[in-house]
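**Student:** Pasting start19.txt below, which is compact mmCIF, C-alpha atoms.
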```
# COMPACT_ATOMS: atom_id res chain seq x y z
CA MET U 759 84.84 109.32 103.66
CA TRP U 760 85.44 112.41 105.73
CA PHE U 761 86.85 114.91 103.29
CA ALA U 762 85.21 117.53 101.11
CA LYS U 763 81.75 117.50 102.60
CA GLY U 764 81.19 120.96 101.15
CA ASP U 765 81.52 122.75 104.48
CA VAL U 766 85.28 123.14 104.27
CA SER U 767 86.99 125.68 102.14
CA VAL U 768 89.34 123.94 99.73
CA SER U 769 90.74 124.54 96.32
CA PRO U 770 87.97 124.24 93.72
CA ASP U 771 89.28 121.11 92.03
CA HIS U 772 88.70 119.17 95.23
CA HIS U 773 84.96 119.46 94.75
CA ASN U 774 84.71 118.20 91.22
CA HIS U 775 85.16 114.52 91.82
CA ASP U 776 82.97 111.59 92.40
CA HIS U 777 83.19 110.46 96.01
CA ASP U 778 80.98 107.42 95.55
CA HIS U 779 83.85 104.98 95.90
CA VAL U 780 84.22 105.64 99.58
CA GLY U 781 87.75 105.14 100.85
CA ALA U 782 89.15 105.31 97.34
CA GLY U 783 91.17 108.26 98.44
CA PRO U 784 91.37 111.80 97.30
CA PRO U 785 90.62 113.43 93.99
CA LEU U 786 92.32 111.36 91.38
CA SER U 787 93.68 114.03 89.14
CA ASP U 788 95.83 116.19 91.35
CA ALA U 789 97.44 113.56 93.55
CA GLN U 790 97.95 111.15 90.69
CA LEU U 791 99.60 113.73 88.45
CA ARG U 792 101.70 115.10 91.25
CA VAL U 793 103.09 111.77 92.40
CA LYS U 794 103.92 110.92 88.78
CA ALA U 795 105.74 114.23 88.38
CA LEU U 796 107.79 113.72 91.55
CA GLU U 797 108.58 110.10 90.72
CA SER U 798 109.67 110.81 87.15
CA LEU U 799 111.85 113.75 88.21
CA LEU U 800 113.55 111.71 90.95
CA ILE U 801 114.18 108.84 88.52
CA ASP U 802 115.52 111.20 85.85
CA LYS U 803 117.92 112.69 88.39
CA GLY U 804 119.09 109.23 89.36
CA LEU U 805 117.91 109.65 92.96
CA VAL U 806 115.37 106.85 92.98
CA ASP U 807 115.74 103.32 91.64
CA PRO U 808 112.42 102.14 90.12
CA ALA U 809 113.19 98.55 91.14
CA ALA U 810 113.62 99.68 94.75
CA LEU U 811 110.20 101.35 94.62
CA ASP U 812 108.62 98.08 93.46
CA ARG U 813 110.29 96.18 96.29
CA LEU U 814 109.14 98.72 98.88
CA ILE U 815 105.55 98.40 97.69
CA GLU U 816 105.77 94.62 97.67
CA ALA U 817 107.06 94.58 101.26
CA TYR U 818 104.25 96.72 102.64
CA GLU U 819 101.54 95.17 100.50
CA THR U 820 102.34 91.49 100.98
CA LYS U 821 104.77 90.87 103.85
CA ILE U 822 103.95 93.34 106.60
CA GLY U 823 100.38 93.24 107.88
CA PRO U 824 98.00 92.23 110.67
CA ARG U 825 98.64 88.51 110.09
CA ASN U 826 101.98 89.10 111.81
CA GLY U 827 100.30 90.53 114.90
CA ALA U 828 97.70 87.76 114.87
CA ARG U 829 100.48 85.20 115.15
CA VAL U 830 101.96 87.07 118.11
CA VAL U 831 98.58 87.12 119.87
CA ALA U 832 97.85 83.45 119.17
CA ARG U 833 101.26 82.49 120.54
CA ALA U 834 100.60 84.54 123.69
CA TRP U 835 97.23 82.82 124.18
CA LEU U 836 98.87 79.39 123.99
CA ASP U 837 102.18 79.95 125.75
CA PRO U 838 102.05 81.63 129.19
CA ALA U 839 105.82 82.16 129.29
CA TYR U 840 105.69 83.90 125.89
CA ARG U 841 102.76 86.03 127.09
CA GLN U 842 104.83 87.15 130.08
CA ARG U 843 107.79 88.06 127.90
CA LEU U 844 105.47 89.90 125.50
CA LEU U 845 103.96 92.03 128.27
CA ALA U 846 107.36 92.71 129.83
CA ASP U 847 109.20 93.66 126.62
CA GLY U 848 106.94 93.75 123.58
CA SER U 849 109.53 94.45 120.88
CA ALA U 850 111.87 91.70 122.08
CA ALA U 851 109.15 89.05 122.26
CA ILE U 852 107.77 90.12 118.87
CA ALA U 853 111.27 89.93 117.39
CA GLU U 854 111.41 86.28 118.54
CA LEU U 855 108.84 85.59 115.81
CA GLY U 856 110.90 87.54 113.27
CA TYR U 857 108.92 90.80 113.21
CA THR U 858 111.12 93.88 113.53
CA GLY U 859 111.62 97.12 111.70
CA ARG U 860 110.38 100.61 111.08
CA GLU U 861 107.68 101.98 113.36
CA GLY U 862 108.09 98.98 115.63
CA GLU U 863 111.34 99.59 117.46
CA ASP U 864 109.63 100.06 120.83
CA ILE U 865 106.38 98.16 120.97
CA VAL U 866 104.42 98.09 124.23
CA VAL U 867 101.79 95.35 124.50
CA LEU U 868 98.57 96.13 126.41
CA GLU U 869 96.52 93.26 127.76
CA ASN U 870 92.75 93.45 127.64
CA THR U 871 91.05 91.73 130.56
CA PRO U 872 87.47 91.46 131.87
CA ARG U 873 88.27 94.61 133.94
CA VAL U 874 90.35 96.72 131.54
CA HIS U 875 89.80 97.62 127.89
CA ASN U 876 92.71 99.26 126.05
CA LEU U 877 92.33 101.39 122.92
CA VAL U 878 95.14 102.87 120.79
CA VAL U 879 95.14 106.15 118.86
CA CYS U 880 97.56 108.73 117.49
CA THR U 881 95.87 112.11 117.87
CA LEU U 882 98.77 114.05 116.30
CA CYS U 883 99.47 111.99 113.16
CA SER U 884 99.26 108.28 112.32
CA CYS U 885 101.69 106.38 114.60
CA TYR U 886 100.96 102.65 114.39
CA PRO U 887 102.96 99.43 115.00
CA TRP U 888 103.82 98.59 111.39
CA PRO U 889 105.82 95.35 111.84
CA VAL U 890 102.83 93.66 113.48
CA LEU U 891 99.83 95.46 111.94
CA GLY U 892 101.10 96.82 108.61
CA LEU U 893 100.02 100.22 107.34
CA PRO U 894 97.12 101.78 109.26
CA PRO U 895 93.58 101.76 107.87
CA VAL U 896 92.14 105.03 106.55
CA TRP U 897 89.87 105.60 109.55
CA TYR U 898 92.81 105.36 111.97
CA LYS U 899 94.51 108.29 110.22
CA ALA U 900 91.34 110.33 109.72
CA ALA U 901 89.93 113.17 111.81
CA PRO U 902 86.81 111.50 113.29
CA TYR U 903 88.80 108.76 115.08
CA ARG U 904 91.81 110.89 115.99
CA SER U 905 89.65 113.63 117.48
CA ARG U 906 87.17 111.57 119.48
CA ALA U 907 89.09 108.48 120.67
CA VAL U 908 90.53 110.40 123.63
CA ILE U 909 87.43 112.39 124.65
CA ASP U 910 84.72 109.78 124.00
CA PRO U 911 86.28 106.33 123.71
CA ARG U 912 83.08 104.56 124.70
CA GLY U 913 81.16 106.36 121.97
CA VAL U 914 83.88 105.53 119.46
CA LEU U 915 83.76 101.86 120.48
CA ARG U 916 79.98 101.86 120.03
CA GLU U 917 80.53 103.08 116.47
CA PHE U 918 82.62 99.97 115.94
CA GLY U 919 79.79 97.90 117.43
CA LEU U 920 81.44 97.33 120.80
CA GLU U 921 79.64 98.18 124.04
CA VAL U 922 82.00 98.29 127.02
CA ALA U 923 80.30 97.74 130.39
CA ALA U 924 80.29 100.71 132.79
CA ASP U 925 82.38 98.87 135.37
CA VAL U 926 85.17 98.12 132.88
CA GLU U 927 88.02 100.65 132.89
CA VAL U 928 88.72 102.10 129.46
CA ARG U 929 92.34 103.09 128.90
CA VAL U 930 93.18 105.12 125.80
CA TRP U 931 96.83 105.18 124.69
CA ASP U 932 97.79 108.22 122.63
CA SER U 933 100.93 107.33 120.61
CA THR U 934 102.60 110.72 120.84
CA ALA U 935 106.25 109.59 120.93
CA ASP U 936 108.36 106.61 119.78
CA GLN U 937 106.42 103.85 121.51
CA ARG U 938 103.99 101.87 119.41
CA TYR U 939 101.11 100.03 121.05
CA LEU U 940 99.63 96.61 120.34
CA VAL U 941 96.55 95.37 122.18
CA LEU U 942 96.52 91.74 123.31
CA PRO U 943 92.80 90.94 123.05
CA GLU U 944 91.05 88.44 125.30
CA ARG U 945 90.99 84.89 124.04
CA PRO U 946 87.45 84.02 122.98
CA ALA U 947 85.52 81.32 124.78
CA GLY U 948 85.17 77.96 123.08
CA THR U 949 88.68 77.95 121.61
CA GLU U 950 90.15 75.27 123.87
CA GLY U 951 92.26 72.82 121.93
CA MET U 952 92.68 75.08 118.90
CA SER U 953 96.11 75.30 117.30
CA GLU U 954 98.15 78.50 116.98
CA GLU U 955 97.23 78.72 113.30
CA GLU U 956 93.52 78.29 114.02
CA LEU U 957 93.62 80.83 116.82
CA ALA U 958 95.43 83.36 114.63
CA THR U 959 92.49 83.38 112.21
CA LEU U 960 90.29 84.76 115.02
CA VAL U 961 92.58 87.71 115.75
CA THR U 962 91.27 90.69 113.80
CA ARG U 963 93.24 93.83 113.07
CA ASP U 964 90.60 95.83 114.97
CA SER U 965 91.01 93.67 118.08
CA MET U 966 94.73 94.53 118.15
CA ILE U 967 93.96 98.29 117.96
CA GLY U 968 91.34 97.85 120.67
CA VAL U 969 88.27 98.84 118.63
CA GLY U 970 87.02 95.26 118.49
CA LYS U 971 87.27 91.88 120.14
CA ALA U 972 88.78 88.71 118.71
CA ALA U 973 86.23 86.81 116.62
CA PRO U 974 84.38 83.88 118.20
CA PRO U 975 85.18 80.48 116.69
CA ASP U 976 82.84 79.09 114.05
CA PRO U 977 80.30 76.84 115.66
CA ARG U 978 81.38 73.24 115.12
CA PRO U 979 79.02 71.21 112.97
CA PRO U 980 77.09 68.68 115.05
CA SER U 981 78.89 65.35 114.99
CA MET M 937 102.31 124.51 116.75
CA ASN M 938 98.63 124.74 117.59
CA GLY M 939 97.73 123.20 114.25
CA VAL M 940 94.69 121.35 113.04
CA HIS M 941 96.74 118.13 113.12
CA ASP M 942 96.48 118.30 116.94
CA MET M 943 92.97 116.86 116.94
CA GLY M 944 92.52 115.19 120.32
CA GLY M 945 89.25 116.26 121.92
CA MET M 946 87.70 118.06 118.95
CA HIS M 947 84.07 117.58 117.96
CA GLY M 948 82.37 117.88 114.61
CA MET M 949 84.64 115.70 112.48
CA GLY M 950 81.83 113.33 111.51
CA PRO M 951 81.30 109.59 111.85
CA ILE M 952 84.14 107.07 111.71
CA ASP M 953 84.31 105.19 108.44
CA THR M 954 84.77 101.78 110.08
CA LYS M 955 85.84 99.11 107.64
CA PRO M 956 86.89 95.65 108.76
CA ASP M 957 88.65 94.67 105.53
CA GLU M 958 89.93 97.50 103.45
CA PRO M 959 92.79 96.99 101.01
CA VAL M 960 96.28 98.16 101.95
CA PHE M 961 96.20 100.68 99.12
CA HIS M 962 93.08 102.15 97.50
CA ALA M 963 94.73 103.39 94.33
CA ASP M 964 98.02 102.97 92.58
CA TRP M 965 99.13 106.53 93.34
CA GLU M 966 98.99 105.67 97.06
CA ARG M 967 101.46 102.83 96.43
CA ARG M 968 103.74 105.19 94.53
CA THR M 969 103.50 107.86 97.25
CA LEU M 970 104.55 105.43 99.97
CA ALA M 971 107.46 104.10 97.92
CA ILE M 972 108.78 107.52 96.90
CA LEU M 973 108.39 108.79 100.45
CA PHE M 974 110.61 105.99 101.78
CA ALA M 975 113.13 106.13 98.96
CA SER M 976 113.39 109.91 99.50
CA MET M 977 113.87 109.52 103.23
CA PHE M 978 116.83 107.27 102.44
CA LEU M 979 118.47 110.20 100.60
CA GLY M 980 119.53 111.29 104.09
CA ARG M 981 118.26 114.86 104.32
CA TRP M 982 115.49 114.38 106.89
CA ASN M 983 114.02 111.99 109.44
CA GLY M 984 110.56 111.28 110.81
CA HIS M 985 110.50 114.27 113.16
CA ILE M 986 111.40 116.71 110.40
CA ARG M 987 108.89 115.05 108.08
CA ARG M 988 106.09 115.40 110.64
CA GLN M 989 106.96 119.04 111.08
CA ALA M 990 106.67 119.50 107.31
CA LEU M 991 103.22 117.84 107.28
CA GLU M 992 102.06 120.25 109.97
CA GLN M 993 102.71 123.18 107.61
CA MET M 994 99.87 122.08 105.33
CA PRO M 995 97.14 124.76 105.35
CA ALA M 996 94.45 123.74 107.84
CA ALA M 997 91.49 123.75 105.46
CA GLU M 998 93.42 121.66 102.96
CA TYR M 999 94.55 119.23 105.68
CA LEU M 1000 90.95 118.62 106.73
CA ALA M 1001 89.77 118.17 103.16
CA THR M 1002 92.32 115.60 102.05
CA SER M 1003 93.34 112.02 102.81
CA TYR M 1004 96.44 110.97 104.70
CA TYR M 1005 98.30 109.95 101.55
CA GLU M 1006 97.65 113.44 100.22
CA HIS M 1007 99.17 114.83 103.43
CA TRP M 1008 102.21 112.61 102.86
CA LEU M 1009 102.49 113.72 99.27
CA TRP M 1010 102.21 117.39 100.23
CA GLY M 1011 104.90 117.01 102.89
CA LEU M 1012 107.16 115.08 100.54
CA GLU M 1013 106.99 117.76 97.87
CA LYS M 1014 107.79 120.43 100.45
CA LEU M 1015 110.79 118.48 101.77
CA LEU M 1016 112.13 117.79 98.26
CA VAL M 1017 111.89 121.48 97.36
CA ASP M 1018 113.13 122.82 100.73
CA ASN M 1019 116.19 120.58 100.46
CA GLY M 1020 117.00 121.64 96.90
CA ILE M 1021 116.44 118.14 95.53
CA LEU M 1022 113.68 119.25 93.16
CA THR M 1023 112.76 122.79 92.13
CA PRO M 1024 109.24 124.25 91.89
CA GLU M 1025 109.95 124.99 88.20
CA GLU M 1026 110.77 121.35 87.49
CA ILE M 1027 107.59 120.17 89.20
CA ALA M 1028 105.41 122.76 87.46
CA ALA M 1029 106.87 121.85 84.07
CA ARG M 1030 106.42 118.13 84.62
CA LEU M 1031 102.81 118.67 85.73
CA ALA M 1032 102.13 120.71 82.60
CA GLY M 1033 103.90 118.18 80.37
CA ARG M 1034 106.53 120.75 79.33
CA PRO M 1035 110.20 119.91 78.86
CA VAL M 1036 112.48 121.34 81.52
CA SER M 1037 116.22 121.24 82.08
CA LEU M 1038 116.96 119.53 85.36
CA ALA M 1039 118.92 121.30 88.09
CA GLN M 1040 121.84 119.51 89.67
CA PRO M 1041 120.76 117.98 93.01
CA PRO M 1042 122.91 118.48 96.13
CA THR M 1043 125.85 116.12 96.49
CA GLY M 1044 126.07 113.33 99.03
CA LEU M 1045 122.54 111.98 98.60
CA GLN M 1046 122.24 108.23 99.18
CA VAL M 1047 120.22 106.32 96.59
CA LEU M 1048 118.29 103.31 97.88
CA GLU M 1049 119.14 100.28 95.74
CA ALA M 1050 116.63 97.47 95.26
CA SER M 1051 118.99 95.07 97.02
CA GLU M 1052 118.97 97.27 100.14
CA VAL M 1053 115.18 97.48 100.51
CA ALA M 1054 114.80 94.51 102.85
CA LYS M 1055 117.45 95.96 105.15
CA PHE M 1056 115.84 99.42 104.97
CA VAL M 1057 112.43 98.06 105.95
CA GLN M 1058 113.94 96.22 108.93
CA ALA M 1059 116.10 99.16 110.02
CA ARG M 1060 115.79 100.86 113.38
CA ARG M 1061 115.34 104.60 113.26
CA GLY M 1062 117.69 105.21 116.12
CA ALA M 1063 115.27 107.33 118.14
CA ARG M 1064 116.29 105.54 121.35
CA MET M 1065 119.56 106.91 122.71
CA ASP M 1066 122.20 105.34 124.92
CA ASP M 1067 123.01 108.59 126.70
CA THR M 1068 122.77 108.50 130.46
CA VAL M 1069 120.48 111.32 131.44
CA PRO M 1070 119.10 111.51 134.97
CA PRO M 1071 115.29 111.32 134.90
CA ARG M 1072 113.53 114.22 136.62
CA PHE M 1073 110.58 111.97 137.47
CA ARG M 1074 109.96 108.50 138.84
CA VAL M 1075 107.07 106.12 138.35
CA GLY M 1076 104.26 107.22 140.65
CA ASP M 1077 105.23 110.91 140.66
CA ARG M 1078 102.41 113.39 140.17
CA VAL M 1079 103.22 115.76 137.31
CA PHE M 1080 101.52 118.35 135.21
CA ALA M 1081 102.01 119.00 131.54
CA ARG M 1082 103.30 122.50 130.99
CA ASN M 1083 100.99 125.11 129.55
CA THR M 1084 103.05 126.07 126.53
CA ASN M 1085 102.17 127.07 122.99
CA PRO M 1086 105.28 126.75 120.82
CA VAL M 1087 104.97 127.75 117.17
CA GLY M 1088 107.40 124.97 116.20
CA HIS M 1089 107.01 121.19 116.24
CA THR M 1090 106.01 119.57 119.51
CA ARG M 1091 104.53 116.24 120.58
CA LEU M 1092 102.72 117.67 123.59
CA PRO M 1093 99.07 117.67 122.55
CA ARG M 1094 96.96 120.68 123.47
CA TYR M 1095 94.39 118.65 125.37
CA ALA M 1096 97.03 117.63 127.95
CA ARG M 1097 98.53 121.08 128.61
CA GLY M 1098 98.02 122.30 132.15
CA ARG M 1099 96.59 118.94 133.24
CA CYS M 1100 97.82 116.73 136.09
CA GLY M 1101 98.71 113.08 135.74
CA VAL M 1102 100.83 110.32 137.25
CA VAL M 1103 104.00 108.87 135.73
CA ASN M 1104 103.11 105.31 134.78
CA ARG M 1105 106.34 104.20 133.12
CA ASP M 1106 109.74 105.59 132.15
CA HIS M 1107 110.34 104.47 128.55
CA GLY M 1108 114.00 105.49 128.62
CA VAL M 1109 115.98 108.10 126.70
CA PHE M 1110 114.98 109.23 123.19
CA VAL M 1111 115.68 111.97 120.69
CA PHE M 1112 113.64 115.00 121.79
CA PRO M 1113 111.43 115.75 118.76
CA ASP M 1114 111.11 119.50 119.43
CA ALA M 1115 114.90 120.04 119.34
CA MET M 1116 115.35 117.75 116.34
CA ALA M 1117 112.70 119.53 114.30
CA ALA M 1118 113.87 123.02 115.29
CA GLU M 1119 117.64 122.59 115.17
CA ARG M 1120 118.31 119.08 113.83
CA ARG M 1121 119.90 118.31 117.14
CA ARG M 1122 119.83 114.89 118.86
CA GLU M 1123 118.95 116.04 122.35
CA PRO M 1124 118.57 113.09 124.74
CA GLN M 1125 115.48 113.24 126.97
CA HIS M 1126 113.51 110.77 129.01
CA CYS M 1127 110.10 109.90 127.67
CA TYR M 1128 107.39 108.84 130.13
CA SER M 1129 103.98 107.30 129.84
CA VAL M 1130 101.76 109.58 131.94
CA ARG M 1131 98.31 108.51 133.06
CA PHE M 1132 95.66 111.23 133.10
CA ASP M 1133 92.26 110.52 134.61
CA ALA M 1134 89.60 111.11 131.98
CA ARG M 1135 87.86 113.50 134.43
CA GLU M 1136 90.99 115.61 134.78
CA LEU M 1137 91.05 116.05 130.99
CA TRP M 1138 87.38 116.24 130.14
CA GLY M 1139 85.40 117.10 133.24
CA ALA M 1140 83.05 115.62 135.78
CA GLU M 1141 80.61 114.00 133.33
CA THR M 1142 83.31 111.57 132.18
CA PRO M 1143 83.31 108.00 133.59
CA ALA M 1144 85.34 108.10 136.82
CA HIS M 1145 87.72 105.21 136.20
CA ASP M 1146 88.59 105.82 132.54
CA ALA M 1147 92.01 107.22 131.68
CA VAL M 1148 94.21 108.47 128.84
CA TYR M 1149 97.90 107.54 128.73
CA ILE M 1150 100.12 109.98 126.85
CA ASP M 1151 103.83 109.58 126.05
CA LEU M 1152 105.49 112.81 127.16
CA PHE M 1153 109.09 113.97 127.09
CA ASP M 1154 110.79 115.25 130.22
CA PRO M 1155 110.81 118.97 129.24
CA TYR M 1156 107.01 118.88 128.80
CA LEU M 1157 106.49 118.10 132.50
CA GLU M 1158 106.71 119.83 135.85
CA PRO M 1159 106.25 118.35 139.34
CA ALA M 1160 102.68 118.72 140.59
```
Any chance you could put this one into structure tokens?
**Tutor:**
Amino acid sequence: MWFAKGDVSVSPDHHNHDHDHVGAGPPLSDAQLRVKALESLLIDKGLVDPAALDRLIEAYETKIGPRNGARVVARAWLDPAYRQRLLADGSAAIAELGYTGREGEDIVVLENTPRVHNLVVCTLCSCYPWPVLGLPPVWYKAAPYRSRAVIDPRGVLREFGLEVAADVEVRVWDSTADQRYLVLPERPAGTEGMSEEELATLVTRDSMIGVGKAAPPDPRPPS
Amino acid sequence: MNGVHDMGGMHGMGPIDTKPDEPVFHADWERRTLAILFASMFLGRWNGHIRRQALEQMPAAEYLATSYYEHWLWGLEKLLVDNGILTPEEIAARLAGRPVSLAQPPTGLQVLEASEVAKFVQARRGARMDDTVPPRFRVGDRVFARNTNPVGHTRLPRYARGRCGVVNRDHGVFVFPDAMAAERRREPQHCYSVRFDARELWGAETPAHDAVYIDLFDPYLEPA
């Protein structure tokens, strides 16, 4: 986790917590108490419906996530006409599969090829294509990725275990406005004959941000 | 503003905590923060541009020392107080477990009902505008990003200012974030994808054919 390494001046209570559970978020006490205070006040004033809060959480925890994007990618791998529509007008082609909504009104799809590797970042905040990828992972919103993706994308990719050859063009897309970017990763070798559902299982979240490649298929057991 | 949120090109932020399979939420308070944030946005007093501007007011040292959900929570509290929906006294009392009499919130707030959530999640924000505005630039034009240092909200990152690029795509007409955040005005402006050679941004040691594409609004650009 990147916060409170001891070299940053913060309020004292930020230093008194156990950071062993990496990624578990910030100091429990302050944020937890504060969100409870805000929630209870808004409910008491009749401005927030607790049942609506539960439904919002359910939507973003169970319905909206990278499985949606994986289906889009698998369809594009199988259907050349769909792939063309997806590259020409991302949001419209994605809406064909039923994925629309907040933070995905204008999605641009970027195709990775043997010559071009695309990588997506939001240096200013945390812009991310929610309808197809869900809420962004912690690292996407954190300083190390946001600061270095634009100045040293090849180094960043190495941190994710991906070495991009010198003759491949690396394109970084900084999501500074209303467009949201989805990477269409290359289809892995050895996937001929696989169904859309099978292909979708190979499409990782990271491959659709551009910090990874789609997973290779499991080796078939010898027949 | 030249805030710490404008991070592109900085060094010294440490290694990336790469995780292939992290949960959507790491703690229940993150769930609650997201839900309250959305339900509060539905009240109708602010939009995404104004919310981002609020987040940018977080003191720099605190911003660097906290997680993104803490940024959201900080910005939410500021917006609720700035809009007279909650008072600092109410929040302080609730945090201390003291009783407090609740102030009357402003009128005209819209409460998100559970039955409306699905529609809310699917809703378009309306950032794209139908206004016909002549674009000042065409695809292929050489442009440079203005060297400007506004103290208010802007989506022109520092690392692009003063640098030359080529218009790669005209995305169409959108609400100009700077005017929305400053004056709550829906000013229609073209937004372009501009390609900057990595060497133009970062110098001669950078691989020659790499590039950064930045989405930039018309007023950020001048002909090169």
**Student:** Just give me the residues with any atom within 8 Å of (116.7, 111.1, 121.8), file coordinates, counting only C-alpha atoms, written as an mmCIF file with C-alpha atoms, in the frame of the given file.
**Tutor:**
```cif
data_model
loop_
_atom_site.group_PDB
_atom_site.id
_atom_site.type_symbol
_atom_site.label_atom_id
_atom_site.label_comp_id
_atom_site.auth_asym_id
_atom_site.auth_seq_id
_atom_site.Cartn_x
_atom_site.Cartn_y
_atom_site.Cartn_z
ATOM 1 C CA ALA M 1063 115.270 107.330 118.140
ATOM 2 C CA ARG M 1064 116.290 105.540 121.350
ATOM 3 C CA MET M 1065 119.560 106.910 122.710
ATOM 4 C CA VAL M 1109 115.980 108.100 126.700
ATOM 5 C CA PHE M 1110 114.980 109.230 123.190
ATOM 6 C CA VAL M 1111 115.680 111.970 120.690
ATOM 7 C CA PHE M 1112 113.640 115.000 121.790
ATOM 8 C CA PRO M 1113 111.430 115.750 118.760
ATOM 9 C CA ARG M 1122 119.830 114.890 118.860
ATOM 10 C CA GLU M 1123 118.950 116.040 122.350
ATOM 11 C CA PRO M 1124 118.570 113.090 124.740
ATOM 12 C CA GLN M 1125 115.480 113.240 126.970
ATOM 13 C CA HIS M 1126 113.510 110.770 129.010
#
```
**Student:** Please identify all residues of chain U having at least one atom at most 7 Å from any atom of chain M, considering only C-alpha atoms, and return them as a PDB file with C-alpha atoms, in the coordinates of the input.
**Tutor:**
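As a result, selection13.pdb now contains:
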```
ATOM      1  CA  MET U 759      84.840 109.320 103.660  1.00  0.00           C
ATOM      2  CA  TRP U 760      85.440 112.410 105.730  1.00  0.00           C
ATOM      3  CA  PHE U 761      86.850 114.910 103.290  1.00  0.00           C
ATOM      4  CA  ALA U 762      85.210 117.530 101.110  1.00  0.00           C
ATOM      5  CA  VAL U 766      85.280 123.140 104.270  1.00  0.00           C
ATOM      6  CA  SER U 767      86.990 125.680 102.140  1.00  0.00           C
ATOM      7  CA  VAL U 768      89.340 123.940  99.730  1.00  0.00           C
ATOM      8  CA  GLY U 781      87.750 105.140 100.850  1.00  0.00           C
ATOM      9  CA  ALA U 782      89.150 105.310  97.340  1.00  0.00           C
ATOM     10  CA  GLY U 783      91.170 108.260  98.440  1.00  0.00           C
ATOM     11  CA  PRO U 784      91.370 111.800  97.300  1.00  0.00           C
ATOM     12  CA  ALA U 789      97.440 113.560  93.550  1.00  0.00           C
ATOM     13  CA  GLN U 790      97.950 111.150  90.690  1.00  0.00           C
ATOM     14  CA  LEU U 791      99.600 113.730  88.450  1.00  0.00           C
ATOM     15  CA  ARG U 792     101.700 115.100  91.250  1.00  0.00           C
ATOM     16  CA  VAL U 793     103.090 111.770  92.400  1.00  0.00           C
ATOM     17  CA  ALA U 795     105.740 114.230  88.380  1.00  0.00           C
ATOM     18  CA  LEU U 796     107.790 113.720  91.550  1.00  0.00           C
ATOM     19  CA  GLU U 797     108.580 110.100  90.720  1.00  0.00           C
ATOM     20  CA  LEU U 805     117.910 109.650  92.960  1.00  0.00           C
ATOM     21  CA  VAL U 806     115.370 106.850  92.980  1.00  0.00           C
ATOM     22  CA  ASP U 807     115.740 103.320  91.640  1.00  0.00           C
ATOM     23  CA  ALA U 809     113.190  98.550  91.140  1.00  0.00           C
ATOM     24  CA  ALA U 810     113.620  99.680  94.750  1.00  0.00           C
ATOM     25  CA  LEU U 811     110.200 101.350  94.620  1.00  0.00           C
ATOM     26  CA  ARG U 813     110.290  96.180  96.290  1.00  0.00           C
ATOM     27  CA  LEU U 814     109.140  98.720  98.880  1.00  0.00           C
ATOM     28  CA  ILE U 815     105.550  98.400  97.690  1.00  0.00           C
ATOM     29  CA  GLU U 819     101.540  95.170 100.500  1.00  0.00           C
ATOM     30  CA  THR U 858     111.120  93.880 113.530  1.00  0.00           C
ATOM     31  CA  GLY U 859     111.620  97.120 111.700  1.00  0.00           C
ATOM     32  CA  ARG U 860     110.380 100.610 111.080  1.00  0.00           C
ATOM     33  CA  GLU U 863     111.340  99.590 117.460  1.00  0.00           C
ATOM     34  CA  THR U 881      95.870 112.110 117.870  1.00  0.00           C
ATOM     35  CA  LEU U 882      98.770 114.050 116.300  1.00  0.00           C
ATOM     36  CA  CYS U 883      99.470 111.990 113.160  1.00  0.00           C
ATOM     37  CA  LEU U 893     100.020 100.220 107.340  1.00  0.00           C
ATOM     38  CA  TRP U 897      89.870 105.600 109.550  1.00  0.00           C
ATOM     39  CA  LYS U 899      94.510 108.290 110.220  1.00  0.00           C
ATOM     40  CA  ALA U 901      89.930 113.170 111.810  1.00  0.00           C
ATOM     41  CA  PRO U 902      86.810 111.500 113.290  1.00  0.00           C
ATOM     42  CA  TYR U 903      88.800 108.760 115.080  1.00  0.00           C
ATOM     43  CA  ARG U 904      91.810 110.890 115.990  1.00  0.00           C
ATOM     44  CA  SER U 905      89.650 113.630 117.480  1.00  0.00           C
ATOM     45  CA  ARG U 906      87.170 111.570 119.480  1.00  0.00           C
ATOM     46  CA  VAL U 908      90.530 110.400 123.630  1.00  0.00           C
ATOM     47  CA  ILE U 909      87.430 112.390 124.650  1.00  0.00           C
ATOM     48  CA  PHE U 918      82.620  99.970 115.940  1.00  0.00           C
ATOM     49  CA  GLU U 927      88.020 100.650 132.890  1.00  0.00           C
ATOM     50  CA  VAL U 928      88.720 102.100 129.460  1.00  0.00           C
ATOM     51  CA  ARG U 929      92.340 103.090 128.900  1.00  0.00           C
ATOM     52  CA  VAL U 930      93.180 105.120 125.800  1.00  0.00           C
ATOM     53  CA  TRP U 931      96.830 105.180 124.690  1.00  0.00           C
ATOM     54  CA  ASP U 932      97.790 108.220 122.630  1.00  0.00           C
ATOM     55  CA  SER U 933     100.930 107.330 120.610  1.00  0.00           C
ATOM     56  CA  THR U 934     102.600 110.720 120.840  1.00  0.00           C
ATOM     57  CA  ALA U 935     106.250 109.590 120.930  1.00  0.00           C
TER      58      ALA U 935
END
```
**Student:** Record the distance separating atom CA of M:Val1069 and atom CA of M:Glu1158, expressed in Å with one decimal.
**Tutor:** 16.8 Å
**Student:** Which protein, DNA or RNA residues are at most 9 Å from (104.8, 108.0, 136.5) in the file's coordinates when you count all atoms listed in the file, listed as number ranges by chain?
**Tutor:** M: 1073-1079, 1101-1106, 1128-1131
**Student:** Just the number, please: distance in Å from atom CA of U:Val969 to atom CA of U:Ser849, one decimal.
**Tutor:**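 These atoms are spaced 21.8 Å apart.
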**Student:** Residues near U:Gly892, anyone? I mean within 8 Å using all atoms listed in the file, not counting same-chain ones fewer than 6 positions away, as a list in words.
**Tutor:**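 Within the cut-off, the hits are Tyr818, Ile822, Gly823 and Pro824 of chain U.
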